[in-house]
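The next block is query-v4.pdb, given as PDB, C-alpha atoms and all ligand atoms.
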ATOM      1  CA  MET A  12      30.571  77.250 -69.637  1.00  0.00           C
ATOM      2  CA  LYS A  13      27.784  79.313 -68.128  1.00  0.00           C
ATOM      3  CA  ASN A  14      25.962  82.226 -69.759  1.00  0.00           C
ATOM      4  CA  TYR A  15      27.983  85.480 -69.651  1.00  0.00           C
ATOM      5  CA  PRO A  16      26.850  89.079 -70.237  1.00  0.00           C
ATOM      6  CA  GLY A  17      29.493  89.648 -72.943  1.00  0.00           C
ATOM      7  CA  ASN A  18      29.760  87.956 -76.320  1.00  0.00           C
ATOM      8  CA  LEU A  19      32.751  86.001 -77.596  1.00  0.00           C
ATOM      9  CA  PHE A  20      33.745  86.217 -81.274  1.00  0.00           C
ATOM     10  CA  VAL A  21      36.539  84.415 -83.074  1.00  0.00           C
ATOM     11  CA  VAL A  22      37.867  85.611 -86.411  1.00  0.00           C
ATOM     12  CA  ALA A  23      40.032  83.227 -88.451  1.00  0.00           C
ATOM     13  CA  ALA A  24      41.495  83.537 -91.941  1.00  0.00           C
ATOM     14  CA  PRO A  25      44.495  82.437 -93.986  1.00  0.00           C
ATOM     15  CA  SER A  26      47.377  84.912 -93.839  1.00  0.00           C
ATOM     16  CA  GLY A  27      46.924  87.600 -96.473  1.00  0.00           C
ATOM     17  CA  ALA A  28      43.101  87.635 -96.245  1.00  0.00           C
ATOM     18  CA  GLY A  29      43.209  90.961 -94.385  1.00  0.00           C
ATOM     19  CA  LYS A  30      42.009  89.721 -90.992  1.00  0.00           C
ATOM     20  CA  SER A  31      44.188  91.969 -88.825  1.00  0.00           C
ATOM     21  CA  SER A  32      43.274  95.178 -90.674  1.00  0.00           C
ATOM     22  CA  LEU A  33      39.564  94.385 -90.423  1.00  0.00           C
ATOM     23  CA  VAL A  34      39.757  93.589 -86.720  1.00  0.00           C
ATOM     24  CA  LYS A  35      41.805  96.728 -86.040  1.00  0.00           C
ATOM     25  CA  ALA A  36      39.273  98.887 -87.891  1.00  0.00           C
ATOM     26  CA  LEU A  37      36.361  97.308 -86.004  1.00  0.00           C
ATOM     27  CA  MET A  38      38.008  97.947 -82.632  1.00  0.00           C
ATOM     28  CA  GLU A  39      38.657 101.584 -83.523  1.00  0.00           C
ATOM     29  CA  LEU A  40      34.956 102.014 -84.334  1.00  0.00           C
ATOM     30  CA  ASP A  41      33.504 100.005 -81.482  1.00  0.00           C
ATOM     31  CA  SER A  42      34.890 100.557 -77.990  1.00  0.00           C
ATOM     32  CA  GLN A  43      32.782  97.755 -76.530  1.00  0.00           C
ATOM     33  CA  VAL A  44      34.818  95.193 -78.453  1.00  0.00           C
ATOM     34  CA  THR A  45      38.060  94.204 -76.809  1.00  0.00           C
ATOM     35  CA  HIS A  46      40.739  91.592 -77.569  1.00  0.00           C
ATOM     36  CA  SER A  47      42.922  89.288 -75.539  1.00  0.00           C
ATOM     37  CA  VAL A  48      46.712  89.008 -75.625  1.00  0.00           C
ATOM     38  CA  SER A  49      47.711  85.405 -76.404  1.00  0.00           C
ATOM     39  CA  HIS A  50      50.754  83.483 -75.226  1.00  0.00           C
ATOM     40  CA  THR A  51      53.219  82.204 -77.812  1.00  0.00           C
ATOM     41  CA  THR A  52      56.497  80.314 -77.907  1.00  0.00           C
ATOM     42  CA  ARG A  53      57.690  82.220 -80.999  1.00  0.00           C
ATOM     43  CA  GLN A  54      60.250  85.030 -80.737  1.00  0.00           C
ATOM     44  CA  PRO A  55      59.110  88.678 -80.928  1.00  0.00           C
ATOM     45  CA  ARG A  56      59.403  90.283 -84.401  1.00  0.00           C
ATOM     46  CA  GLY A  57      60.472  93.878 -85.087  1.00  0.00           C
ATOM     47  CA  GLN A  58      58.631  96.322 -82.825  1.00  0.00           C
ATOM     48  CA  GLU A  59      56.589  93.710 -80.956  1.00  0.00           C
ATOM     49  CA  VAL A  60      56.383  94.192 -77.178  1.00  0.00           C
ATOM     50  CA  HIS A  61      55.896  91.510 -74.507  1.00  0.00           C
ATOM     51  CA  GLY A  62      52.382  91.886 -73.112  1.00  0.00           C
ATOM     52  CA  ARG A  63      51.139  93.981 -76.053  1.00  0.00           C
ATOM     53  CA  GLU A  64      51.197  91.760 -79.182  1.00  0.00           C
ATOM     54  CA  TYR A  65      51.791  88.545 -77.222  1.00  0.00           C
ATOM     55  CA  PHE A  66      53.171  87.179 -73.999  1.00  0.00           C
ATOM     56  CA  PHE A  67      56.372  85.654 -75.387  1.00  0.00           C
ATOM     57  CA  ILE A  68      57.206  82.633 -73.246  1.00  0.00           C
ATOM     58  CA  ASN A  69      59.464  79.595 -73.524  1.00  0.00           C
ATOM     59  CA  ASP A  70      58.375  75.982 -74.068  1.00  0.00           C
ATOM     60  CA  ARG A  71      58.682  75.085 -70.401  1.00  0.00           C
ATOM     61  CA  ASP A  72      56.405  77.904 -69.264  1.00  0.00           C
ATOM     62  CA  PHE A  73      53.944  77.047 -72.037  1.00  0.00           C
ATOM     63  CA  ASP A  74      53.899  73.406 -70.821  1.00  0.00           C
ATOM     64  CA  GLU A  75      53.237  74.638 -67.303  1.00  0.00           C
ATOM     65  CA  LEU A  76      50.255  76.719 -68.412  1.00  0.00           C
ATOM     66  CA  ILE A  77      48.847  73.664 -70.224  1.00  0.00           C
ATOM     67  CA  GLN A  78      49.270  71.610 -67.014  1.00  0.00           C
ATOM     68  CA  GLU A  79      47.484  74.305 -65.013  1.00  0.00           C
ATOM     69  CA  ASN A  80      44.593  74.190 -67.496  1.00  0.00           C
ATOM     70  CA  ALA A  81      45.126  77.926 -68.035  1.00  0.00           C
ATOM     71  CA  PHE A  82      44.242  77.890 -71.750  1.00  0.00           C
ATOM     72  CA  LEU A  83      40.769  78.112 -73.235  1.00  0.00           C
ATOM     73  CA  GLU A  84      42.465  76.707 -76.345  1.00  0.00           C
ATOM     74  CA  TRP A  85      45.969  76.270 -77.692  1.00  0.00           C
ATOM     75  CA  ALA A  86      47.427  75.036 -80.985  1.00  0.00           C
ATOM     76  CA  HIS A  87      50.561  74.594 -83.077  1.00  0.00           C
ATOM     77  CA  VAL A  88      50.590  77.259 -85.800  1.00  0.00           C
ATOM     78  CA  HIS A  89      53.420  77.703 -88.324  1.00  0.00           C
ATOM     79  CA  GLY A  90      55.831  75.738 -86.113  1.00  0.00           C
ATOM     80  CA  HIS A  91      55.111  77.490 -82.797  1.00  0.00           C
ATOM     81  CA  ARG A  92      52.558  77.164 -80.026  1.00  0.00           C
ATOM     82  CA  TYR A  93      49.897  79.780 -79.336  1.00  0.00           C
ATOM     83  CA  GLY A  94      47.286  79.826 -76.562  1.00  0.00           C
ATOM     84  CA  THR A  95      44.404  81.935 -75.251  1.00  0.00           C
ATOM     85  CA  SER A  96      44.151  82.601 -71.500  1.00  0.00           C
ATOM     86  CA  LYS A  97      40.908  81.201 -70.089  1.00  0.00           C
ATOM     87  CA  LYS A  98      40.840  83.594 -67.123  1.00  0.00           C
ATOM     88  CA  THR A  99      41.299  86.739 -69.242  1.00  0.00           C
ATOM     89  CA  ILE A 100      38.371  85.778 -71.473  1.00  0.00           C
ATOM     90  CA  GLU A 101      36.113  84.823 -68.568  1.00  0.00           C
ATOM     91  CA  ASP A 102      36.884  88.073 -66.713  1.00  0.00           C
ATOM     92  CA  LYS A 103      36.139  90.226 -69.756  1.00  0.00           C
ATOM     93  CA  ILE A 104      32.891  88.577 -70.780  1.00  0.00           C
ATOM     94  CA  THR A 105      31.783  88.465 -67.138  1.00  0.00           C
ATOM     95  CA  ASP A 106      32.273  92.251 -67.090  1.00  0.00           C
ATOM     96  CA  GLY A 107      29.996  92.549 -70.134  1.00  0.00           C
ATOM     97  CA  HIS A 108      32.694  93.193 -72.734  1.00  0.00           C
ATOM     98  CA  ASP A 109      32.501  91.663 -76.156  1.00  0.00           C
ATOM     99  CA  VAL A 110      35.769  89.856 -76.811  1.00  0.00           C
ATOM    100  CA  LEU A 111      37.077  89.250 -80.311  1.00  0.00           C
ATOM    101  CA  LEU A 112      39.881  86.722 -80.761  1.00  0.00           C
ATOM    102  CA  GLU A 113      42.130  86.581 -83.803  1.00  0.00           C
ATOM    103  CA  ILE A 114      43.290  82.983 -83.671  1.00  0.00           C
ATOM    104  CA  ASP A 115      43.719  80.062 -86.059  1.00  0.00           C
ATOM    105  CA  PHE A 116      40.934  77.661 -87.075  1.00  0.00           C
ATOM    106  CA  GLN A 117      42.080  74.857 -84.720  1.00  0.00           C
ATOM    107  CA  GLY A 118      41.718  77.169 -81.729  1.00  0.00           C
ATOM    108  CA  ALA A 119      38.366  78.439 -83.019  1.00  0.00           C
ATOM    109  CA  LEU A 120      36.961  74.908 -83.238  1.00  0.00           C
ATOM    110  CA  GLN A 121      38.309  73.995 -79.781  1.00  0.00           C
ATOM    111  CA  ILE A 122      36.493  76.977 -78.281  1.00  0.00           C
ATOM    112  CA  LYS A 123      33.237  76.036 -80.057  1.00  0.00           C
ATOM    113  CA  ALA A 124      33.457  72.598 -78.417  1.00  0.00           C
ATOM    114  CA  VAL A 125      33.598  74.022 -74.860  1.00  0.00           C
ATOM    115  CA  PHE A 126      31.699  77.282 -75.386  1.00  0.00           C
ATOM    116  CA  PRO A 127      28.952  76.693 -77.995  1.00  0.00           C
ATOM    117  CA  SER A 128      27.685  80.278 -77.918  1.00  0.00           C
ATOM    118  CA  VAL A 129      30.971  81.596 -79.396  1.00  0.00           C
ATOM    119  CA  VAL A 130      30.420  83.216 -82.801  1.00  0.00           C
ATOM    120  CA  LEU A 131      32.918  81.907 -85.392  1.00  0.00           C
ATOM    121  CA  ILE A 132      33.674  84.196 -88.331  1.00  0.00           C
ATOM    122  CA  PHE A 133      35.870  83.173 -91.273  1.00  0.00           C
ATOM    123  CA  ILE A 134      37.411  85.769 -93.600  1.00  0.00           C
ATOM    124  CA  LEU A 135      38.018  84.601 -97.190  1.00  0.00           C
ATOM    125  CA  PRO A 136      40.004  86.363 -99.928  1.00  0.00           C
ATOM    126  CA  PRO A 137      38.069  86.920-103.191  1.00  0.00           C
ATOM    127  CA  SER A 138      40.422  84.618-105.196  1.00  0.00           C
ATOM    128  CA  TRP A 139      43.723  82.718-105.150  1.00  0.00           C
ATOM    129  CA  GLU A 140      45.289  85.353-107.394  1.00  0.00           C
ATOM    130  CA  GLU A 141      44.333  88.121-104.993  1.00  0.00           C
ATOM    131  CA  LEU A 142      45.600  86.185-101.953  1.00  0.00           C
ATOM    132  CA  LYS A 143      48.932  85.559-103.683  1.00  0.00           C
ATOM    133  CA  SER A 144      49.346  89.155-104.780  1.00  0.00           C
ATOM    134  CA  ARG A 145      48.479  90.444-101.279  1.00  0.00           C
ATOM    135  CA  LEU A 146      51.148  88.195 -99.753  1.00  0.00           C
ATOM    136  CA  GLU A 147      53.664  89.406-102.353  1.00  0.00           C
ATOM    137  CA  ARG A 148      52.720  93.073-101.888  1.00  0.00           C
ATOM    138  CA  ARG A 149      53.166  92.747 -98.124  1.00  0.00           C
ATOM    139  CA  GLY A 150      56.846  92.103 -98.856  1.00  0.00           C
ATOM    140  CA  GLU A 151      57.351  90.319 -95.527  1.00  0.00           C
ATOM    141  CA  ASP A 152      58.075  86.864 -96.831  1.00  0.00           C
ATOM    142  CA  ALA A 153      60.568  85.137 -99.166  1.00  0.00           C
ATOM    143  CA  PRO A 154      59.043  83.378-102.257  1.00  0.00           C
ATOM    144  CA  GLY A 155      59.408  79.931-100.604  1.00  0.00           C
ATOM    145  CA  VAL A 156      57.526  81.171 -97.527  1.00  0.00           C
ATOM    146  CA  ILE A 157      54.751  82.609 -99.702  1.00  0.00           C
ATOM    147  CA  GLN A 158      54.355  79.211-101.383  1.00  0.00           C
ATOM    148  CA  LEU A 159      54.105  77.578 -97.943  1.00  0.00           C
ATOM    149  CA  ARG A 160      51.538  80.137 -96.798  1.00  0.00           C
ATOM    150  CA  LEU A 161      49.436  79.449 -99.910  1.00  0.00           C
ATOM    151  CA  GLU A 162      49.548  75.714 -99.234  1.00  0.00           C
ATOM    152  CA  ASN A 163      48.541  76.316 -95.605  1.00  0.00           C
ATOM    153  CA  ALA A 164      45.783  78.647 -96.815  1.00  0.00           C
ATOM    154  CA  ALA A 165      44.171  75.799 -98.781  1.00  0.00           C
ATOM    155  CA  GLN A 166      43.984  73.674 -95.625  1.00  0.00           C
ATOM    156  CA  GLU A 167      42.717  76.541 -93.493  1.00  0.00           C
ATOM    157  CA  MET A 168      40.022  77.602 -95.964  1.00  0.00           C
ATOM    158  CA  ALA A 169      38.738  74.013 -96.118  1.00  0.00           C
ATOM    159  CA  GLN A 170      37.572  74.592 -92.500  1.00  0.00           C
ATOM    160  CA  ALA A 171      35.431  77.617 -93.319  1.00  0.00           C
ATOM    161  CA  SER A 172      32.267  75.498 -93.616  1.00  0.00           C
ATOM    162  CA  GLN A 173      32.459  74.814 -89.858  1.00  0.00           C
ATOM    163  CA  PHE A 174      32.197  78.530 -89.077  1.00  0.00           C
ATOM    164  CA  ASP A 175      28.959  80.433 -88.382  1.00  0.00           C
ATOM    165  CA  PHE A 176      29.670  83.347 -90.738  1.00  0.00           C
ATOM    166  CA  VAL A 177      31.835  83.883 -93.812  1.00  0.00           C
ATOM    167  CA  ILE A 178      33.008  87.320 -94.931  1.00  0.00           C
ATOM    168  CA  ILE A 179      34.660  87.779 -98.315  1.00  0.00           C
ATOM    169  CA  ASN A 180      37.255  90.519 -98.119  1.00  0.00           C
ATOM    170  CA  GLU A 181      37.079  91.837-101.674  1.00  0.00           C
ATOM    171  CA  VAL A 182      36.411  95.493-100.896  1.00  0.00           C
ATOM    172  CA  PHE A 183      37.675  96.458 -97.427  1.00  0.00           C
ATOM    173  CA  GLU A 184      34.783  98.801 -96.535  1.00  0.00           C
ATOM    174  CA  ARG A 185      32.215  96.189 -97.515  1.00  0.00           C
ATOM    175  CA  ALA A 186      33.954  93.490 -95.450  1.00  0.00           C
ATOM    176  CA  LEU A 187      34.129  95.853 -92.464  1.00  0.00           C
ATOM    177  CA  PHE A 188      30.397  96.562 -92.832  1.00  0.00           C
ATOM    178  CA  ASP A 189      29.766  92.787 -92.829  1.00  0.00           C
ATOM    179  CA  LEU A 190      31.873  92.293 -89.697  1.00  0.00           C
ATOM    180  CA  LYS A 191      30.030  95.108 -87.906  1.00  0.00           C
ATOM    181  CA  ALA A 192      26.721  93.535 -88.979  1.00  0.00           C
ATOM    182  CA  VAL A 193      27.638  90.172 -87.435  1.00  0.00           C
ATOM    183  CA  VAL A 194      28.660  91.805 -84.137  1.00  0.00           C
ATOM    184  CA  HIS A 195      25.528  93.945 -84.128  1.00  0.00           C
ATOM    185  CA  ALA A 196      23.200  91.023 -84.903  1.00  0.00           C
ATOM    186  CA  GLN A 197      24.673  89.032 -82.029  1.00  0.00           C
ATOM    187  CA  ARG A 198      23.903  91.913 -79.657  1.00  0.00           C
ATOM    188  CA  LEU A 199      20.262  91.900 -80.812  1.00  0.00           C
ATOM    189  CA  LYS A 200      19.672  88.316 -79.678  1.00  0.00           C
ATOM    190  CA  TYR A 201      17.088  88.019 -76.923  1.00  0.00           C
ATOM    191  CA  ALA A 202      19.593  86.977 -74.258  1.00  0.00           C
ATOM    192  CA  SER A 203      21.928  89.891 -75.061  1.00  0.00           C
ATOM    193  CA  GLN A 204      19.179  92.493 -75.381  1.00  0.00           C
ATOM    194  CA  SER A 205      17.499  91.454 -72.130  1.00  0.00           C
ATOM    195  CA  ARG A 206      20.810  92.002 -70.335  1.00  0.00           C
ATOM    196  CA  ALA A 207      21.795  95.194 -72.126  1.00  0.00           C
ATOM    197  CA  ARG A 208      18.307  96.802 -71.894  1.00  0.00           C
ATOM    198  CA  ALA A 209      17.181  95.250 -68.616  1.00  0.00           C
ATOM    199  CA  GLU A 210      15.054  98.276 -67.607  1.00  0.00           C
ATOM    200  CA  ILE A 211      12.894  98.033 -70.743  1.00  0.00           C
ATOM    201  CA  PHE A 212      12.451  94.282 -70.381  1.00  0.00           C
ATOM    202  CA  HIS A 213      11.579  94.770 -66.728  1.00  0.00           C
ATOM    203  CA  ALA A 214       9.014  97.490 -67.523  1.00  0.00           C
ATOM    204  CA  LEU A 215       7.464  95.184 -70.127  1.00  0.00           C
ATOM    205  CA  ASN A 216       7.269  92.362 -67.583  1.00  0.00           C
ATOM    206  CA  LEU A 217       9.722  90.295 -69.584  1.00  0.00           C
ATOM    207  CA  ASN A 218      12.676  88.456 -68.226  1.00  0.00           C
TER     208      ASN A 218
HETATM  209  P1  LIG A 301      51.688  85.508 -85.905  1.00  0.00           P
HETATM  210  O1  LIG A 301      52.812  84.710 -85.344  1.00  0.00           O
HETATM  211  O2  LIG A 301      51.911  85.863 -87.352  1.00  0.00           O
HETATM  212  O3  LIG A 301      51.341  86.691 -85.055  1.00  0.00           O
HETATM  213  O4  LIG A 301      50.391  84.581 -85.876  1.00  0.00           O
HETATM  214  C1  LIG A 301      50.363  83.377 -86.573  1.00  0.00           C
HETATM  215  C2  LIG A 301      49.003  82.722 -86.442  1.00  0.00           C
HETATM  216  O5  LIG A 301      48.730  82.344 -85.096  1.00  0.00           O
HETATM  217  C3  LIG A 301      47.833  83.607 -86.874  1.00  0.00           C
HETATM  218  O6  LIG A 301      47.010  82.843 -87.753  1.00  0.00           O
HETATM  219  C4  LIG A 301      47.097  83.874 -85.593  1.00  0.00           C
HETATM  220  O7  LIG A 301      45.720  84.025 -85.807  1.00  0.00           O
HETATM  221  C5  LIG A 301      47.376  82.622 -84.789  1.00  0.00           C
HETATM  222  N1  LIG A 301      47.223  82.855 -83.350  1.00  0.00           N
HETATM  223  C6  LIG A 301      47.562  83.958 -82.646  1.00  0.00           C
HETATM  224  N2  LIG A 301      47.248  83.799 -81.342  1.00  0.00           N
HETATM  225  C7  LIG A 301      46.664  82.586 -81.228  1.00  0.00           C
HETATM  226  C8  LIG A 301      46.105  81.854 -80.116  1.00  0.00           C
HETATM  227  O8  LIG A 301      46.064  82.304 -78.971  1.00  0.00           O
HETATM  228  N3  LIG A 301      45.616  80.619 -80.405  1.00  0.00           N
HETATM  229  C9  LIG A 301      45.624  80.084 -81.661  1.00  0.00           C
HETATM  230  N4  LIG A 301      45.090  78.867 -81.821  1.00  0.00           N
HETATM  231  N5  LIG A 301      46.135  80.738 -82.712  1.00  0.00           N
HETATM  232  C10 LIG A 301      46.651  81.968 -82.507  1.00  0.00           C
END
Would you mind giving the structure from this file in structure tokens?
Amino acid sequence: MKNYPGNLFVVAAPSGAGKSSLVKALMELDSQVTHSVSHTTRQPRGQEVHGREYFFINDRDFDELIQENAFLEWAHVHGHRYGTSKKTIEDKITDGHDVLLEIDFQGALQIKAVFPSVVLIFILPPSWEELKSRLERRGEDAPGVIQLRLENAAQEMAQASQFDFVIINEVFERALFDLKAVVHAQRLKYASQSRARAEIFHALNLN
């Protein structure tokens, strides 16, 4: 992939690590960061709306999108398929937006393979006990499902070493500060700064 004016970030974490709340808080604070609506073959839950949380599609349509090479990445997660639209991401980062994807580790590593400048961020819980009690407090899952999620979490967390940054979500405000710091540091890289502050670079005879 060529060099784009916007940055691409991927945040992955086991369920219960607090990924969605952190990403939501970052987006509320930083209007330059946008997300992308993924496609999934799972059914909508509760208040979820087609086109807002996900594009909910059937297996046949998902197969078609794979054939058309429409996905930047796709993966099986918890028994369903999920995929990120290549065109949506390219359009947004071409327009200079920073895009932050909340996807699983398999998708994150696929993107790194085709787009090495992606910034991979892994969110860890502070302990097993805390992860378990957060899943229980959430009250969304039956005990058997929580056990399964904990087993999946062990596999997912084993991938954290392949990520560029690791944030430990012990105290929410601290973890949010860390996430903002990663996004900010990426924007200070020479290539980003020279695009964002082109007039200064030009005046200094830099390119
Ligand atoms: P949920 O069904 O609970 O919304 O999401 C389940 C998991 O799928 C989460 O870990 C989420 O990060 C992951 N996921 C959501 N969208 C995508 C996607 O487009 N690609 C991949 N690889 N994973 C995704």
Residue IDs satisfying the PyMOL selection byres (((chain A and resi 79-88) around 8) and not hetatm), as JSON, numbers by chain: {"A": [75, 76, 77, 78, 89, 90, 91, 92, 93, 94, 95, 96, 97, 98, 115, 117, 118, 121, 122]}
Give me a file of those residues, with C-alpha atoms, as a compact mmCIF listing (two decimals), in the coordinates of the input.
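Just written: out.txt:
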# COMPACT_ATOMS: atom_id res chain seq x y z
CA GLU A 75 53.24 74.64 -67.30
CA LEU A 76 50.26 76.72 -68.41
CA ILE A 77 48.85 73.66 -70.22
CA GLN A 78 49.27 71.61 -67.01
CA HIS A 89 53.42 77.70 -88.32
CA GLY A 90 55.83 75.74 -86.11
CA HIS A 91 55.11 77.49 -82.80
CA ARG A 92 52.56 77.16 -80.03
CA TYR A 93 49.90 79.78 -79.34
CA GLY A 94 47.29 79.83 -76.56
CA THR A 95 44.40 81.94 -75.25
CA SER A 96 44.15 82.60 -71.50
CA LYS A 97 40.91 81.20 -70.09
CA LYS A 98 40.84 83.59 -67.12
CA ASP A 115 43.72 80.06 -86.06
CA GLN A 117 42.08 74.86 -84.72
CA GLY A 118 41.72 77.17 -81.73
CA GLN A 121 38.31 74.00 -79.78
CA ILE A 122 36.49 76.98 -78.28
Selection: 8 Å around range 134-143 of chain A, only C-alpha atoms, excl. self and same-chain fewer than 6 positions, as a ChimeraX atom specification: /A:22-25,27-30,157,161,168,177-181
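With CA of Thr52 in chain A on one side and atom C4 of ligand LIG 301 (chain A) on the other, the separation reads 12.7 Å.
With CA of Ser203 in chain A on one side and CA of Asp109 in chain A on the other, the separation reads 10.8 Å.
Coordinates place CA of Ser26 in chain A at a distance of 7.0 Å from CA of Arg160 in chain A.
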Give me the box for ligand LIG 301 (chain A) as JSON, namely the centre and edge lengths in Å to one decimal of a box along x, y and z that holds every listed atom plus 3 Å on each side.
{"center_x": 49.0, "center_y": 82.8, "center_z": -83.4, "size_x": 13.7, "size_y": 13.8, "size_z": 14.8}
Selection result for the PyMOL selection byres (((chain A and resi 170) around 10) and not hetatm) on this file, as number ranges by chain: A: 23-24, 116-117, 120, 133, 165-169, 171-174
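Residues matching the PyMOL selection byres (((chain A and resi 101) around 12) and not hetatm) in this structure come to Met12, Lys13, Asn14, Tyr15, Pro16, Gly17, Asn18, Leu19, Ser47, Ala81, Phe82, Leu83, Thr95, Ser96, Lys97, Lys98, Thr99, Ile100, Asp102, Lys103, Ile104, Thr105, Asp106, Gly107, His108, Asp109, Val110 and Phe126 of chain A.
Selection around (19.9, 91.6, -72.7) with radius 12 Å, counting only C-alpha atoms, yields the residues Asn14, Tyr15, Pro16, Gly17, Asn18, Gly107, Gln197, Arg198, Leu199, Lys200, Tyr201, Ala202, Ser203, Gln204, Ser205, Arg206, Ala207, Arg208, Ala209, Glu210, Ile211, Phe212, His213, Leu217 and Asn218 of chain A.
Proximity of A:Ser49, A:Gln158, A:Asn69, A:Gln58 to ligand LIG 301 (chain A), computed with only C-alpha atoms and all ligand atoms, is greatest for A:Ser49.
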Can I get the residues of range 13-68 of chain A within 12 Å of range 188-194 of chain A, each with the closest pair of atoms and their distance in Å to one decimal, using only C-alpha atoms, sorted chain first then ascending number, as a Markdown table?
| residue | atom | partner | partner_atom | distance |
| --- | --- | --- | --- | --- |
| A:Gly17 | CA | A:Val194 | CA | 11.4 |
| A:Asn18 | CA | A:Val194 | CA | 8.8 |
| A:Leu19 | CA | A:Val194 | CA | 9.7 |
| A:Phe20 | CA | A:Val194 | CA | 8.1 |
| A:Val21 | CA | A:Val194 | CA | 10.9 |
| A:Val22 | CA | A:Leu190 | CA | 9.6 |
| A:Lys30 | CA | A:Leu190 | CA | 10.5 |
| A:Ser32 | CA | A:Leu190 | CA | 11.8 |
| A:Leu33 | CA | A:Leu190 | CA | 8.0 |
| A:Val34 | CA | A:Leu190 | CA | 8.5 |
| A:Lys35 | CA | A:Leu190 | CA | 11.5 |
| A:Ala36 | CA | A:Lys191 | CA | 10.0 |
| A:Leu37 | CA | A:Lys191 | CA | 7.0 |
| A:Met38 | CA | A:Lys191 | CA | 10.0 |
| A:Glu39 | CA | A:Lys191 | CA | 11.6 |
| A:Leu40 | CA | A:Lys191 | CA | 9.2 |
| A:Asp41 | CA | A:Lys191 | CA | 8.8 |
| A:Gln43 | CA | A:Val194 | CA | 10.5 |
| A:Val44 | CA | A:Val194 | CA | 9.0 |
Restrict the selected residues to C-alpha atoms and save them as a compact mmCIF listing (two decimals), keeping the file's coordinate frame.
# COMPACT_ATOMS: atom_id res chain seq x y z
CA GLY A 17 29.49 89.65 -72.94
CA ASN A 18 29.76 87.96 -76.32
CA LEU A 19 32.75 86.00 -77.60
CA PHE A 20 33.74 86.22 -81.27
CA VAL A 21 36.54 84.42 -83.07
CA VAL A 22 37.87 85.61 -86.41
CA LYS A 30 42.01 89.72 -90.99
CA SER A 32 43.27 95.18 -90.67
CA LEU A 33 39.56 94.38 -90.42
CA VAL A 34 39.76 93.59 -86.72
CA LYS A 35 41.80 96.73 -86.04
CA ALA A 36 39.27 98.89 -87.89
CA LEU A 37 36.36 97.31 -86.00
CA MET A 38 38.01 97.95 -82.63
CA GLU A 39 38.66 101.58 -83.52
CA LEU A 40 34.96 102.01 -84.33
CA ASP A 41 33.50 100.00 -81.48
CA GLN A 43 32.78 97.76 -76.53
CA VAL A 44 34.82 95.19 -78.45
